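In what follows, a single structure is set out as structure tokens and then discussed.
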Amino acid sequence: MKKILQIDKDLNKIQDLDILLERILYYARDAVSADAGSIYIRDGQELEIKYAQNDSLQQQLAEGQKLNFSIFRIPVNEKTISGYVAAKSTHLNIKDMYNISADRPYSFNTHYDQTSGYKTVSSLTFPLITNQGEVLGVLQLLNAKSPKGNIVSFKKTDEPFVLHFASTATVALQRARMTRTLLLRMTKMAELRDPKETGAHVNRVGSYACEIYEAWAHKQHIPEDTLQKQKDTLRMAAMLHDVGKVGISDLILKKPGRFNADEYEIMKSHTYVGARLFADEESDLDSIAKDIAISHHENWDGSGYPGKIEWENAKPDEILPSGVGLVKEEIPLYARIVSLADVFDALSCQRVYKEAWTEENVMEEIKKCSGSKFDPQLVDIFFEILPVLKQVQQKYPDNH
Ligand SMILES: [Fe+2]
Ligand SMILES: [Fe+2]
């Protein structure tokens, strides 16, 4: 009971949608000792996998690496287990996935086991249903473990526990979805000005930033609860890195070709225009979003902008001359992370005025900028977690 209450409390504190999905899956598995599991979100008549976790496969990876899973969708119908659970709004507790009775409409897709070398035995699959009866997604837990670590079936007594858990998770999900929608609307306002700032771009930058931060925090032995809390805030704050572009004229942002010196100065002001939006600092989100907005164009070697300027006292439409650039650790950590994430994404993607660079060229450029533009320690981490970053790319394709 104590554990349930603690989990409820923890889930209700998480604000970012992606961080929440990852935590829901983690807590649910932990609660019923499931070796593996996945969480799906419903999108129309399909379910899209959002996170997959697997302790056994994870143990085979080097420290700091994350499980790589392919992003796929399944139709909401009776043919698959998760599809059935979503279509019928009911849960399924299956003892042996390889011996599902032939009179059942669904069957087990063995593709995952075949490609991963994992053997799925038991599963417990729950719909995430709102009070209004809408199915938001599906939570699937795989391979219950006995106290001795053997793979066993999920117990009947696990079911009410997961049911309660699913309802808490659903409420938290609805809230996080609303927050995400609001953040995307804010970036949409900036996007109307600058077509480069799309929803997919900011989602990728948010996710890259979190992955880089998480790997950094592990190296620094930051306690897990602090790490999770910071990640949640960073995910949202990073999405808002260029929100200051709402204050920049279309004539400049949409100008084809190069900026002249005056136009460039105006363009640079999106940093402090953005920071001003969070200047009241009512929460951690405000303070991190402010740091990121003001400093995401600073460079490790001091050659970035806007540098040391007194933006707090400037008039709303005043264009300030750049100050002496911030150097190394003077640049807030989160801004250093977002700078790397933002440039990586910009280079990797096709934009109106340029083709996407080849992966080889992107990697070369990032390596080259280590110690000049970027914090070298973060660049090292970037290369260590590259497979995870590539998975983020798959998750948020440009046309999505
Ligand atoms: Fe920017
Ligand atoms: Fe950006």
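Here's how to read the names in the structure tokens: chain A, B, ... by the order shown, residue numbers from 1 in each chain, ligand numbers from 1 in the order shown.
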Hey, could you make a per-residue contact list for chain A against ligand 1 with 7 Å as the cut-off, showing the nearest pair of atoms and its distance in Å to one decimal, counting only C-alpha atoms and all ligand atoms, sorted by chain and number, as a Markdown table?
| residue | atom | partner | partner_atom_place_in_ligand_line | distance |
| --- | --- | --- | --- | --- |
| A:His241 | CA | ligand 1 | 1 (Fe) | 6.2 |
| A:Asp242 | CA | ligand 1 | 1 (Fe) | 4.7 |
| A:His270 | CA | ligand 1 | 1 (Fe) | 6.8 |
| A:Thr271 | CA | ligand 1 | 1 (Fe) | 6.5 |
| A:His296 | CA | ligand 1 | 1 (Fe) | 6.4 |
| A:His297 | CA | ligand 1 | 1 (Fe) | 6.3 |
With N, CA and C atoms retained, could you export that selection as a PDB file, in the first residue's frame?
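Ended up saving to out.pdb:
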ATOM      1  N   HIS A 241      13.511  26.501 -26.618  1.00  0.00           N
ATOM      2  CA  HIS A 241      14.783  27.225 -26.805  1.00  0.00           C
ATOM      3  C   HIS A 241      14.665  28.445 -27.718  1.00  0.00           C
ATOM      4  N   ASP A 242      13.834  28.352 -28.743  1.00  0.00           N
ATOM      5  CA  ASP A 242      13.752  29.447 -29.714  1.00  0.00           C
ATOM      6  C   ASP A 242      12.432  30.196 -29.651  1.00  0.00           C
ATOM      7  N   HIS A 270      16.565  37.029 -30.386  1.00  0.00           N
ATOM      8  CA  HIS A 270      15.586  36.009 -29.974  1.00  0.00           C
ATOM      9  C   HIS A 270      16.019  35.338 -28.670  1.00  0.00           C
ATOM     10  N   THR A 271      17.305  35.432 -28.336  1.00  0.00           N
ATOM     11  CA  THR A 271      17.783  34.827 -27.085  1.00  0.00           C
ATOM     12  C   THR A 271      17.204  35.564 -25.872  1.00  0.00           C
ATOM     13  N   HIS A 296      21.663  29.478 -25.449  1.00  0.00           N
ATOM     14  CA  HIS A 296      21.838  28.323 -26.336  1.00  0.00           C
ATOM     15  C   HIS A 296      22.665  28.639 -27.586  1.00  0.00           C
ATOM     16  N   HIS A 297      23.044  29.917 -27.771  1.00  0.00           N
ATOM     17  CA  HIS A 297      23.958  30.237 -28.880  1.00  0.00           C
ATOM     18  C   HIS A 297      25.335  30.668 -28.388  1.00  0.00           C
TER      19      HIS A 297
END
Original post:
Near A:Lys95, counting only C-alpha atoms, which residues have an atom at most 9 Å away, once you skip same-chain residues fewer than 3 positions from it, shown as a PyMOL selection string?
Top reply: chain A and resi 99-100+121-124+152-154
**OP:** Pick out the residues no farther than 8 Å from ligand 2, counting only C-alpha atoms and all ligand atoms, and list them as an NGL selection string.
**Re:** :A and (196-197 or 201-202 or 205 or 241-242 or 342-343 or 345-346)
Expected file contents, prior selection, C-alpha atoms, as a tab-separated table (two decimals), in the first residue's frame:
chain	number	residue	atom	x	y	z
A	196	LYS	CA	12.59	25.89	-39.10
A	197	GLU	CA	11.10	25.60	-35.63
A	201	HIS	CA	12.29	19.69	-34.39
A	202	VAL	CA	11.50	20.87	-30.87
A	205	VAL	CA	15.76	18.68	-29.42
A	241	HIS	CA	14.78	27.23	-26.80
A	242	ASP	CA	13.75	29.45	-29.71
A	342	ASP	CA	19.89	21.93	-31.66
A	343	VAL	CA	22.86	22.04	-34.03
A	345	ASP	CA	19.23	18.35	-35.44
A	346	ALA	CA	19.64	21.32	-37.76
Subject >> Within 9 Å of A:Ala237 using only C-alpha atoms, minus same-chain residues under 5 positions, as a ChimeraX atom specification >> reply: /A:206,232,285-290,292-293
**OP:** Rank nothing, just name the residue among A:Gln59, A:Thr198, A:Asn299, A:Thr90 nearest to A:Asn399, using only C-alpha atoms.
**Re:**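 Of the candidates, the smallest distance to A:Asn399 is held by A:Thr198.
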